[in-house]
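Student: Just model.csv, nothing more (CSV, C-alpha atoms):
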chain,number,residue,atom,x,y,z
L,1,MET,CA,-92.1,54.2,48.2
L,2,SER,CA,-95.2,54.8,46.3
L,3,GLU,CA,-97.3,51.8,45.2
L,4,GLY,CA,-96.3,50.9,41.7
L,5,PHE,CA,-92.9,52.5,41.5
L,6,LEU,CA,-89.7,51.5,43.2
L,7,MET,CA,-86.6,53.7,43.3
L,8,GLU,CA,-83.2,52.0,43.5
L,9,VAL,CA,-80.2,54.2,44.4
L,10,CYS,CA,-76.7,53.2,43.6
L,11,VAL,CA,-74.3,54.1,46.4
L,12,ASP,CA,-70.6,53.7,47.3
L,13,SER,CA,-70.6,54.8,50.9
L,14,VAL,CA,-72.4,54.3,54.2
L,15,GLU,CA,-73.5,58.0,54.2
L,16,SER,CA,-75.0,57.7,50.7
L,17,ALA,CA,-76.8,54.5,51.7
L,18,MET,CA,-78.4,56.2,54.8
L,19,ASN,CA,-79.3,59.2,52.7
L,20,ALA,CA,-80.9,57.0,50.1
L,21,GLU,CA,-83.1,55.4,52.7
L,22,ARG,CA,-84.0,58.7,54.4
L,23,GLY,CA,-85.0,60.1,51.0
L,24,GLY,CA,-87.4,57.2,50.3
L,25,ALA,CA,-85.4,54.7,48.2
L,26,GLY,CA,-86.8,51.2,48.1
L,27,ARG,CA,-83.6,49.5,47.4
L,28,ILE,CA,-79.8,50.1,47.3
L,29,GLU,CA,-77.3,49.0,44.8
L,30,LEU,CA,-74.0,48.9,46.7
L,31,CYS,CA,-70.8,49.4,44.7
L,32,CYS,CA,-67.4,51.1,44.9
L,33,SER,CA,-65.8,53.2,42.2
L,34,LEU,CA,-69.0,54.7,40.7
L,35,LEU,CA,-66.8,56.7,38.4
L,36,GLU,CA,-66.0,53.4,36.6
L,37,GLY,CA,-69.7,52.4,36.5
L,38,GLY,CA,-69.5,50.5,39.8
L,39,LEU,CA,-67.2,47.8,41.0
L,40,THR,CA,-67.5,45.1,43.8
L,41,PRO,CA,-67.5,46.8,47.2
L,42,SER,CA,-65.6,45.6,50.2
L,43,THR,CA,-67.3,43.2,52.7
L,44,GLY,CA,-66.6,45.8,55.4
L,45,LEU,CA,-68.7,48.4,53.5
L,46,LEU,CA,-71.5,45.8,53.1
L,47,GLN,CA,-71.5,44.9,56.8
L,48,VAL,CA,-71.7,48.5,58.0
L,49,VAL,CA,-74.3,49.4,55.4
L,50,LYS,CA,-76.4,46.4,56.5
L,51,GLU,CA,-76.1,47.6,60.1
L,52,SER,CA,-77.2,51.1,59.1
L,53,VAL,CA,-80.2,50.7,56.8
L,54,GLY,CA,-83.3,48.6,56.7
L,55,ILE,CA,-84.0,48.5,53.0
L,56,PRO,CA,-82.7,45.7,50.7
L,57,VAL,CA,-79.1,46.0,49.6
L,58,TYR,CA,-78.1,44.5,46.3
L,59,VAL,CA,-74.3,44.1,45.8
L,60,MET,CA,-72.4,44.7,42.6
L,61,ILE,CA,-70.2,41.8,41.5
L,62,ARG,CA,-67.8,43.3,39.0
L,63,PRO,CA,-64.0,42.7,39.5
L,64,ARG,CA,-62.8,45.6,37.3
L,65,GLY,CA,-63.8,48.4,35.0
L,66,GLY,CA,-64.0,48.1,31.3
L,67,ASP,CA,-65.7,45.5,29.2
L,68,PHE,CA,-67.7,42.5,30.4
L,69,LEU,CA,-65.6,39.7,28.9
L,70,TYR,CA,-63.9,38.0,31.8
L,71,SER,CA,-60.9,35.8,32.2
L,72,ASP,CA,-60.9,32.5,34.2
L,73,TRP,CA,-59.1,34.3,37.0
L,74,GLU,CA,-61.7,37.1,37.0
L,75,VAL,CA,-64.5,34.6,37.1
L,76,GLU,CA,-62.9,32.9,40.1
L,77,VAL,CA,-62.8,36.3,41.8
L,78,MET,CA,-66.4,36.9,41.1
L,79,LYS,CA,-67.4,33.5,42.5
L,80,ARG,CA,-65.4,34.2,45.7
L,81,ASP,CA,-67.0,37.6,46.0
L,82,ILE,CA,-70.5,36.1,45.6
L,83,GLU,CA,-69.7,33.7,48.4
L,84,GLN,CA,-68.5,36.5,50.7
L,85,MET,CA,-71.4,38.8,49.9
L,86,LYS,CA,-73.9,36.0,50.7
L,87,LEU,CA,-72.0,35.3,54.0
L,88,HIS,CA,-72.4,39.0,54.9
L,89,ARG,CA,-76.1,39.1,54.3
L,90,ALA,CA,-76.5,40.8,50.9
L,91,ASP,CA,-80.2,40.8,49.9
L,92,GLY,CA,-79.4,40.4,46.2
L,93,LEU,CA,-76.6,40.6,43.7
L,94,VAL,CA,-75.9,42.5,40.5
L,95,PHE,CA,-73.7,41.2,37.7
L,96,GLY,CA,-73.4,40.5,34.0
L,97,ALA,CA,-71.1,38.9,31.5
L,98,LEU,CA,-70.9,38.9,27.7
L,99,THR,CA,-69.2,36.8,25.0
L,100,GLU,CA,-66.6,38.4,22.6
L,101,ASP,CA,-69.3,38.9,20.0
L,102,GLY,CA,-71.6,40.9,22.2
L,103,ARG,CA,-74.0,38.2,23.4
L,104,VAL,CA,-75.0,37.2,26.9
L,105,ASP,CA,-72.5,34.6,28.2
L,106,THR,CA,-75.2,32.2,29.2
L,107,GLU,CA,-72.8,29.5,30.4
L,108,LEU,CA,-70.9,31.8,32.7
L,109,CYS,CA,-74.1,33.6,33.9
L,110,ALA,CA,-75.7,30.2,34.7
L,111,GLU,CA,-72.6,29.3,36.8
L,112,LEU,CA,-72.8,32.7,38.7
L,113,LEU,CA,-76.5,32.4,39.2
L,114,ALA,CA,-76.1,28.9,40.7
L,115,ALA,CA,-73.4,30.3,43.0
L,116,SER,CA,-75.8,33.1,44.0
L,117,ARG,CA,-78.8,31.0,45.0
L,118,PRO,CA,-81.1,31.7,46.7
L,119,LEU,CA,-80.4,35.4,46.3
L,120,PRO,CA,-82.2,37.3,43.4
L,121,VAL,CA,-80.0,38.8,40.8
L,122,THR,CA,-80.1,41.9,38.5
L,123,PHE,CA,-78.3,41.8,35.2
L,124,HIS,CA,-76.5,45.2,35.1
L,125,ARG,CA,-75.7,47.6,32.2
L,126,ALA,CA,-73.6,45.0,30.4
L,127,PHE,CA,-77.0,44.7,28.7
L,128,ASP,CA,-76.4,48.0,27.0
L,129,MET,CA,-73.4,46.5,25.2
L,130,VAL,CA,-75.2,43.5,23.7
L,131,HIS,CA,-75.5,43.0,19.9
L,132,ASP,CA,-79.2,42.3,19.9
L,133,PRO,CA,-81.3,43.5,23.0
L,134,ALA,CA,-84.4,41.4,22.1
L,135,VAL,CA,-82.4,38.2,21.9
L,136,ALA,CA,-80.5,39.1,25.1
L,137,LEU,CA,-83.7,39.7,26.9
L,138,GLU,CA,-85.0,36.2,26.1
L,139,ALA,CA,-81.7,34.7,27.2
L,140,LEU,CA,-81.8,36.5,30.6
L,141,ILE,CA,-85.4,35.4,31.2
L,142,SER,CA,-84.5,31.8,30.5
L,143,LEU,CA,-81.5,32.0,32.8
L,144,GLY,CA,-83.7,33.3,35.7
L,145,PHE,CA,-82.5,36.8,36.3
L,146,GLU,CA,-84.9,39.0,38.3
L,147,ARG,CA,-84.4,42.2,36.5
L,148,ILE,CA,-82.4,44.1,33.9
L,149,LEU,CA,-80.8,47.5,34.5
L,150,THR,CA,-80.6,49.3,31.1
L,151,SER,CA,-80.3,52.7,29.5
L,152,GLY,CA,-81.9,51.2,26.4
L,153,CYS,CA,-78.4,50.6,24.8
L,154,ASP,CA,-77.9,54.4,24.6
L,155,SER,CA,-75.9,57.1,26.4
L,156,SER,CA,-78.8,57.7,28.9
L,157,ALA,CA,-82.2,56.2,29.7
L,158,LEU,CA,-83.8,59.3,28.2
L,159,GLU,CA,-82.0,58.7,24.8
L,160,GLY,CA,-82.8,55.0,25.0
L,161,LEU,CA,-86.5,55.3,25.8
L,162,PRO,CA,-87.7,53.7,22.5
L,163,VAL,CA,-85.7,50.6,23.2
L,164,ILE,CA,-86.7,50.5,26.9
L,165,LYS,CA,-90.3,50.7,25.9
L,166,ARG,CA,-89.9,47.8,23.5
L,167,LEU,CA,-88.2,45.8,26.1
L,168,VAL,CA,-91.0,46.4,28.7
L,169,GLU,CA,-93.5,45.3,26.1
L,170,GLN,CA,-91.5,42.2,25.1
L,171,ALA,CA,-90.9,41.2,28.7
L,172,LYS,CA,-94.6,41.0,29.5
L,173,ASP,CA,-93.9,40.8,33.3
L,174,ARG,CA,-91.6,37.9,32.9
L,175,ILE,CA,-88.7,40.0,34.1
L,176,VAL,CA,-88.4,43.6,35.5
L,177,ILE,CA,-87.0,46.2,33.1
L,178,MET,CA,-85.4,49.0,35.2
L,179,PRO,CA,-84.3,52.2,33.4
L,180,GLY,CA,-81.1,53.7,34.6
L,181,GLY,CA,-78.4,56.0,33.3
L,182,GLY,CA,-78.6,59.8,33.6
L,183,ILE,CA,-82.0,59.8,35.4
L,184,THR,CA,-82.6,63.1,37.2
L,185,GLU,CA,-85.6,65.1,38.5
L,186,ARG,CA,-85.7,66.8,35.1
L,187,ASN,CA,-86.4,63.7,33.1
L,188,LEU,CA,-87.8,61.0,35.5
L,189,GLN,CA,-91.5,61.7,34.7
L,190,ARG,CA,-90.9,61.4,31.0
L,191,VAL,CA,-88.8,58.2,31.4
L,192,LEU,CA,-91.4,56.5,33.6
L,193,GLU,CA,-94.5,57.6,31.6
L,194,ALA,CA,-92.9,56.7,28.2
L,195,SER,CA,-91.3,53.4,29.2
L,196,GLY,CA,-94.0,51.8,31.3
L,197,SER,CA,-91.4,50.6,33.8
L,198,GLN,CA,-92.3,50.2,37.5
L,199,GLU,CA,-88.8,50.6,38.8
L,200,PHE,CA,-86.0,53.1,38.2
L,201,HIS,CA,-82.3,53.4,39.1
L,202,CYS,CA,-80.4,56.6,39.9
L,203,SER,CA,-77.5,58.0,41.9
L,204,ALA,CA,-79.1,61.3,43.0
L,205,ARG,CA,-75.7,62.6,44.0
L,206,SER,CA,-74.3,66.0,44.8
L,207,SER,CA,-70.8,67.2,45.5
L,208,LYS,CA,-69.7,67.5,49.2
L,209,ASP,CA,-66.6,69.5,50.1
L,210,SER,CA,-63.9,67.8,52.1
L,211,THR,CA,-63.4,68.8,55.7
L,212,MET,CA,-59.6,68.7,55.2
L,213,LYS,CA,-57.9,71.9,56.4
L,214,PHE,CA,-54.4,71.2,55.0
L,215,ARG,CA,-54.5,70.6,51.3
L,216,ASN,CA,-51.6,69.7,49.0
L,217,SER,CA,-52.7,71.0,45.6
L,218,ASN,CA,-49.6,69.4,43.9
L,219,VAL,CA,-50.7,65.8,44.5
L,220,SER,CA,-53.8,63.9,43.2
L,221,MET,CA,-54.7,60.3,44.2
L,222,GLY,CA,-56.8,59.9,41.1
L,223,GLY,CA,-54.0,59.3,38.6
L,224,SER,CA,-54.7,60.7,35.2
L,225,LEU,CA,-58.4,61.1,35.9
L,226,SER,CA,-59.6,64.6,36.6
L,227,ILE,CA,-61.2,63.9,40.0
L,228,PRO,CA,-61.5,66.7,42.5
L,229,GLU,CA,-59.2,65.6,45.4
L,230,TYR,CA,-61.1,67.5,48.1
L,231,ALA,CA,-64.7,66.7,47.2
L,232,VAL,CA,-66.8,63.6,47.3
L,233,LYS,CA,-70.0,62.7,45.6
L,234,VAL,CA,-72.7,61.6,48.0
L,235,ALA,CA,-76.4,60.6,47.6
L,236,ASP,CA,-78.4,63.8,48.3
L,237,VAL,CA,-81.4,63.3,50.6
L,238,THR,CA,-83.2,66.2,48.9
L,239,LYS,CA,-82.6,64.8,45.4
L,240,VAL,CA,-83.8,61.4,46.5
L,241,ARG,CA,-87.0,62.8,48.1
L,242,THR,CA,-87.7,64.9,44.9
L,243,LEU,CA,-87.3,61.9,42.6
L,244,ASN,CA,-89.6,59.9,45.0
L,245,ALA,CA,-92.2,62.6,45.0
L,246,ILE,CA,-92.2,62.8,41.2
L,247,ALA,CA,-92.7,59.0,41.0
L,248,LYS,CA,-95.6,59.2,43.5
L,249,ASN,CA,-97.4,61.9,41.5
L,250,ILE,CA,-97.4,59.8,38.2
L,251,VAL,CA,-100.8,58.3,37.6
Turn the structure described in the file into structure tokens.

Tutor:
Amino acid sequence: MSEGFLMEVCVDSVESAMNAERGGAGRIELCCSLLEGGLTPSTGLLQVVKESVGIPVYVMIRPRGGDFLYSDWEVEVMKRDIEQMKLHRADGLVFGALTEDGRVDTELCAELLAASRPLPVTFHRAFDMVHDPAVALEALISLGFERILTSGCDSSALEGLPVIKRLVEQAKDRIVIMPGGGITERNLQRVLEASGSQEFHCSARSSKDSTMKFRNSNVSMGGSLSIPEYAVKVADVTKVRTLNAIAKNIV
């Protein structure tokens, strides 16, 4: 990676993790179900990814899709997953939790952070659902999170640039503000230059056709979601390299 900028690529497969590293990513966020915004991956996936790449692997801890208000059972699942990911050599963790009124659940986050020690932790895009970003930022700094992944509480990092810039200024190097959400080679330069951020988060994926020869067009494993049955999204080495090159050329 270029000095000053670090690219984190979110991946949900070993192939994507290897492509991210080959393209110049400085860190991986490991998930499953990226179509749902990323859920907790299996320990098997973490083990094989750790055997296959040398860059840090931060693991998503999110027991289900949807909101970030968790039941006692879901909290127990998160704690067990943290334990397992630490056991299988995760380099860091990624999670977040909110109260019903859209504030950071400081009590739960403190419990999860204690369970995560000594690993560093990123607060994920649950941040984009908070009632007051400025107040939430101070809460996360006090709790001891390493960074915040955010689209600036908008549909994409590009749309949320004004908020991201304010967060970077408010943070004053007390916590890393990492833009993410819809970042591509077309908007990365603008996002980095306007935000003042030193890290960014992207998926850099493209569609890869299945190698299945026999295909049953009458059946879909995706339920009601319109997911192509015979194609997968994979981190694209060329896209990662392009994004890396753009970051390197920003003065």

Student: Determine, counting only C-alpha atoms, which protein, DNA and RNA residues have an atom within 10 Å of an atom of L:Arg103; residues of the same chain fewer than 6 positions away are not included. Present the result as a list in words.

Tutor: Ala97, Ala126, Phe127, Met129, Val130, His131, Asp132, Pro133, Val135, Ala136 and Ala139 of chain L

Student: Given the choices L:Pro179, L:Pro118, L:Gly24, L:Gly102, which gets closest to L:Glu83 if the distance is worked out from all atoms listed in the file?

Tutor: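 Checking each of L:Pro179, L:Pro118, L:Gly24, L:Gly102 against L:Glu83, counting all atoms listed in the file, the winner is L:Pro118.
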
Student: One decimal, Å: what's the distance from atom CA of L:Ser155 over to atom CA of L:Gly65, could you say?

Tutor: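 One can read the atom CA of L:Ser155 to atom CA of L:Gly65 distance as 17.2 Å.
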
Student: As a list in words, please: the residues near stretch 156-167 of chain L (cut-off 9 Å, all atoms listed in the file, same-chain neighbours under 4 positions excluded).

Tutor: Pro133, Ala134, Leu137, Thr150, Ser151, Gly152, Ala171, Lys172, Ile177, Met178, Pro179, Gly180, Gly181, Gly182, Ile183, Asn187, Leu188, Arg190, Val191, Ala194, Ser195, Gly196 and Ser197 of chain L

Student: Write out as number ranges by chain each polymer residue whose atoms come within 9 Å of L:Gln198, counting only C-alpha atoms; drop sequence neighbours fewer than 5 positions from it.

Tutor: L: 4-7, 176-178, 192
